[in-house]
Amino acid sequence: MTQPEPTSPTTSTPTAGGPRACAGSETSTPIRIRFGGTMLTGSLDTSPAARALRDRLPITVAATDYGGVEKTAEIPALPMVDMPAGADPEPGTLGYYAPDRVLVFYYGDVGYFPGIAALGRFTDTDGVVATATGAVTVTVELDC
């Protein structure tokens, strides 16, 4: 199986995969995140929005900084049925901001905000998410 070609770093058009079998667990699904040249690990929870994202993996997007606390990348809409009205994501949260349809990698504190859905977590021990500048090509894929 060939990997999708990354999108241009100046665009946020995702390259979507499709449903793939992944055992995961009752509480999470392991993922890998290629953030520029660095591989991060993470997991998706079992919420409806996280399951919808999981079913679209792998995806490749261009992420850019927003507000000095998060990197965002446009993706097709995720379902918000049965999701909380908002969230207060901690650094290391992989989220989705429904009003703008963006996948969000939180590396700073944003506080509670309506429209945020926490989808899972990522581990960034080297701080590459916070220090990356410009548009960064990011690929999120299943790790199973």
# chains A, B, ... in the order shown; residues from 1 in each chain; ligands from 1
>>> select_by_dssp(residues="stretch 9-130 of chain A", states="alpha helix (DSSP H)", output="PyMOL selection string")
chain A and resi 48-56+128-130
>>> write_last_selection(atoms="all heavy atoms", output="PDB file, in the first residue's frame")
ATOM      1  N   PRO A  48     -17.793  10.059  19.263  1.00  0.00           N
ATOM      2  CA  PRO A  48     -18.242   9.998  17.866  1.00  0.00           C
ATOM      3  C   PRO A  48     -17.333  10.770  16.906  1.00  0.00           C
ATOM      4  O   PRO A  48     -17.028  10.299  15.810  1.00  0.00           O
ATOM      5  CB  PRO A  48     -19.646  10.602  17.913  1.00  0.00           C
ATOM      6  CG  PRO A  48     -20.119  10.363  19.313  1.00  0.00           C
ATOM      7  CD  PRO A  48     -18.880  10.486  20.168  1.00  0.00           C
ATOM      8  N   ALA A  49     -16.888  11.965  17.297  1.00  0.00           N
ATOM      9  CA  ALA A  49     -16.022  12.761  16.421  1.00  0.00           C
ATOM     10  C   ALA A  49     -14.666  12.086  16.243  1.00  0.00           C
ATOM     11  O   ALA A  49     -14.114  12.061  15.139  1.00  0.00           O
ATOM     12  CB  ALA A  49     -15.852  14.171  16.983  1.00  0.00           C
ATOM     13  N   ALA A  50     -14.098  11.525  17.311  1.00  0.00           N
ATOM     14  CA  ALA A  50     -12.809  10.835  17.213  1.00  0.00           C
ATOM     15  C   ALA A  50     -12.919   9.586  16.346  1.00  0.00           C
ATOM     16  O   ALA A  50     -12.022   9.293  15.551  1.00  0.00           O
ATOM     17  CB  ALA A  50     -12.291  10.483  18.605  1.00  0.00           C
ATOM     18  N   ARG A  51     -14.023   8.860  16.473  1.00  0.00           N
ATOM     19  CA  ARG A  51     -14.229   7.674  15.628  1.00  0.00           C
ATOM     20  C   ARG A  51     -14.345   8.078  14.151  1.00  0.00           C
ATOM     21  O   ARG A  51     -13.822   7.405  13.273  1.00  0.00           O
ATOM     22  CB  ARG A  51     -15.459   6.891  16.069  1.00  0.00           C
ATOM     23  CG  ARG A  51     -15.225   6.102  17.347  1.00  0.00           C
ATOM     24  CD  ARG A  51     -16.335   5.093  17.613  1.00  0.00           C
ATOM     25  NE  ARG A  51     -17.672   5.635  17.481  1.00  0.00           N
ATOM     26  CZ  ARG A  51     -18.418   6.096  18.482  1.00  0.00           C
ATOM     27  NH1 ARG A  51     -17.968   6.055  19.719  1.00  0.00           N
ATOM     28  NH2 ARG A  51     -19.629   6.575  18.251  1.00  0.00           N
ATOM     29  N   ALA A  52     -15.016   9.196  13.877  1.00  0.00           N
ATOM     30  CA  ALA A  52     -15.140   9.675  12.499  1.00  0.00           C
ATOM     31  C   ALA A  52     -13.765  10.040  11.941  1.00  0.00           C
ATOM     32  O   ALA A  52     -13.453   9.732  10.782  1.00  0.00           O
ATOM     33  CB  ALA A  52     -16.089  10.864  12.424  1.00  0.00           C
ATOM     34  N   LEU A  53     -12.933  10.695  12.734  1.00  0.00           N
ATOM     35  CA  LEU A  53     -11.580  11.015  12.292  1.00  0.00           C
ATOM     36  C   LEU A  53     -10.795   9.725  12.058  1.00  0.00           C
ATOM     37  O   LEU A  53     -10.126   9.586  11.032  1.00  0.00           O
ATOM     38  CB  LEU A  53     -10.866  11.900  13.318  1.00  0.00           C
ATOM     39  CG  LEU A  53      -9.409  12.244  12.968  1.00  0.00           C
ATOM     40  CD1 LEU A  53      -9.330  13.047  11.669  1.00  0.00           C
ATOM     41  CD2 LEU A  53      -8.758  13.001  14.114  1.00  0.00           C
ATOM     42  N   ARG A  54     -10.866   8.787  12.991  1.00  0.00           N
ATOM     43  CA  ARG A  54     -10.158   7.507  12.854  1.00  0.00           C
ATOM     44  C   ARG A  54     -10.514   6.832  11.534  1.00  0.00           C
ATOM     45  O   ARG A  54      -9.649   6.316  10.837  1.00  0.00           O
ATOM     46  CB  ARG A  54     -10.505   6.580  14.025  1.00  0.00           C
ATOM     47  CG  ARG A  54      -9.808   5.217  13.942  1.00  0.00           C
ATOM     48  CD  ARG A  54     -10.437   4.197  14.844  1.00  0.00           C
ATOM     49  NE  ARG A  54     -11.787   3.944  14.361  1.00  0.00           N
ATOM     50  CZ  ARG A  54     -12.778   3.535  15.132  1.00  0.00           C
ATOM     51  NH1 ARG A  54     -12.610   3.357  16.416  1.00  0.00           N
ATOM     52  NH2 ARG A  54     -13.972   3.311  14.610  1.00  0.00           N
ATOM     53  N   ASP A  55     -11.784   6.872  11.161  1.00  0.00           N
ATOM     54  CA  ASP A  55     -12.234   6.217   9.934  1.00  0.00           C
ATOM     55  C   ASP A  55     -11.713   6.899   8.672  1.00  0.00           C
ATOM     56  O   ASP A  55     -11.784   6.318   7.597  1.00  0.00           O
ATOM     57  CB  ASP A  55     -13.758   6.146   9.897  1.00  0.00           C
ATOM     58  CG  ASP A  55     -14.322   5.178  10.924  1.00  0.00           C
ATOM     59  OD1 ASP A  55     -13.545   4.364  11.483  1.00  0.00           O
ATOM     60  OD2 ASP A  55     -15.538   5.250  11.182  1.00  0.00           O
ATOM     61  N   ARG A  56     -11.185   8.114   8.798  1.00  0.00           N
ATOM     62  CA  ARG A  56     -10.648   8.853   7.651  1.00  0.00           C
ATOM     63  C   ARG A  56      -9.131   8.754   7.545  1.00  0.00           C
ATOM     64  O   ARG A  56      -8.546   9.282   6.600  1.00  0.00           O
ATOM     65  CB  ARG A  56     -11.037  10.325   7.748  1.00  0.00           C
ATOM     66  CG  ARG A  56     -12.517  10.540   7.697  1.00  0.00           C
ATOM     67  CD  ARG A  56     -12.843  11.986   7.884  1.00  0.00           C
ATOM     68  NE  ARG A  56     -14.289  12.166   8.003  1.00  0.00           N
ATOM     69  CZ  ARG A  56     -14.862  13.294   8.295  1.00  0.00           C
ATOM     70  NH1 ARG A  56     -14.131  14.386   8.503  1.00  0.00           N
ATOM     71  NH2 ARG A  56     -16.172  13.378   8.388  1.00  0.00           N
ATOM     72  N   VAL A 128       8.261  20.074  19.466  1.00  0.00           N
ATOM     73  CA  VAL A 128       8.277  20.462  18.049  1.00  0.00           C
ATOM     74  C   VAL A 128       6.996  21.165  17.617  1.00  0.00           C
ATOM     75  O   VAL A 128       7.031  22.010  16.726  1.00  0.00           O
ATOM     76  CB  VAL A 128       8.571  19.266  17.115  1.00  0.00           C
ATOM     77  CG1 VAL A 128       9.949  18.688  17.390  1.00  0.00           C
ATOM     78  CG2 VAL A 128       7.510  18.219  17.214  1.00  0.00           C
ATOM     79  N   VAL A 129       5.880  20.856  18.226  1.00  0.00           N
ATOM     80  CA  VAL A 129       4.622  21.501  17.842  1.00  0.00           C
ATOM     81  C   VAL A 129       4.690  22.991  18.163  1.00  0.00           C
ATOM     82  O   VAL A 129       4.344  23.836  17.338  1.00  0.00           O
ATOM     83  CB  VAL A 129       3.409  20.825  18.511  1.00  0.00           C
ATOM     84  CG1 VAL A 129       2.126  21.584  18.212  1.00  0.00           C
ATOM     85  CG2 VAL A 129       3.283  19.371  18.060  1.00  0.00           C
ATOM     86  N   ALA A 130       5.174  23.326  19.336  1.00  0.00           N
ATOM     87  CA  ALA A 130       5.251  24.725  19.752  1.00  0.00           C
ATOM     88  C   ALA A 130       6.290  25.509  18.971  1.00  0.00           C
ATOM     89  O   ALA A 130       6.086  26.691  18.681  1.00  0.00           O
ATOM     90  CB  ALA A 130       5.564  24.819  21.241  1.00  0.00           C
TER      91      ALA A 130
END
>>> residues_around(residues="A:Val102", least_positions_apart="6", cutoff="9 Å", atoms="only C-alpha atoms", output="PDB file with N, CA and C atoms, in the first residue's frame")
ATOM      1  N   THR A  72      -3.271  24.604  13.871  1.00  0.00           N
ATOM      2  CA  THR A  72      -4.554  24.197  13.310  1.00  0.00           C
ATOM      3  C   THR A  72      -4.401  23.815  11.844  1.00  0.00           C
ATOM      4  N   ALA A  73      -5.288  22.910  11.405  1.00  0.00           N
ATOM      5  CA  ALA A  73      -5.299  22.474  10.010  1.00  0.00           C
ATOM      6  C   ALA A  73      -6.733  22.174   9.607  1.00  0.00           C
ATOM      7  N   GLU A  74      -7.153  22.716   8.477  1.00  0.00           N
ATOM      8  CA  GLU A  74      -8.512  22.490   7.990  1.00  0.00           C
ATOM      9  C   GLU A  74      -8.709  21.024   7.617  1.00  0.00           C
ATOM     10  N   ILE A  75      -9.879  20.483   7.998  1.00  0.00           N
ATOM     11  CA  ILE A  75     -10.276  19.127   7.619  1.00  0.00           C
ATOM     12  C   ILE A  75     -11.770  19.149   7.300  1.00  0.00           C
ATOM     13  N   PRO A  76     -12.277  18.139   6.623  1.00  0.00           N
ATOM     14  CA  PRO A  76     -13.728  18.066   6.428  1.00  0.00           C
ATOM     15  C   PRO A  76     -14.429  17.965   7.787  1.00  0.00           C
ATOM     16  N   ALA A  77     -15.661  18.417   7.834  1.00  0.00           N
ATOM     17  CA  ALA A  77     -16.426  18.458   9.087  1.00  0.00           C
ATOM     18  C   ALA A  77     -16.499  17.085   9.752  1.00  0.00           C
ATOM     19  N   GLY A  95      -7.479  18.058  19.243  1.00  0.00           N
ATOM     20  CA  GLY A  95      -8.863  18.513  19.283  1.00  0.00           C
ATOM     21  C   GLY A  95      -9.409  18.867  17.920  1.00  0.00           C
ATOM     22  N   TYR A  96     -10.657  19.272  17.956  1.00  0.00           N
ATOM     23  CA  TYR A  96     -11.357  19.705  16.749  1.00  0.00           C
ATOM     24  C   TYR A  96     -12.161  20.937  17.135  1.00  0.00           C
TER      25      TYR A  96
END
>>> closest_residue(among="A:Asp143, A:Glu26, A:Glu90, A:Asp100", to="A:Arg121", atoms="only C-alpha atoms")
A:Glu90
>>> atom_distance(atom1="atom CA of A:Pro84", atom2="atom CA of A:Leu40")
26.7 Å
>>> atom_distance(atom1="atom CA of A:Thr139", atom2="atom CA of A:Arg32")
8.0 Å
>>> select_by_dssp(residues="chain A", states="strand (DSSP E)", output="PyMOL selection string")
chain A and resi 15-16+29-35+38-44+59-66+70-74+86-87+93-97+102-106+113-114+116-123+136-142
>>> residues_around(residues="A:Val140", least_positions_apart="4", cutoff="10 Å", atoms="only C-alpha atoms", output="ChimeraX atom specification")
/A:16,31-35,39-42,53-54,56-61
>>> closest_residue(among="A:Thr29, A:Thr93, A:Thr137, A:Thr123", to="A:Asp109", atoms="only C-alpha atoms")
A:Thr93
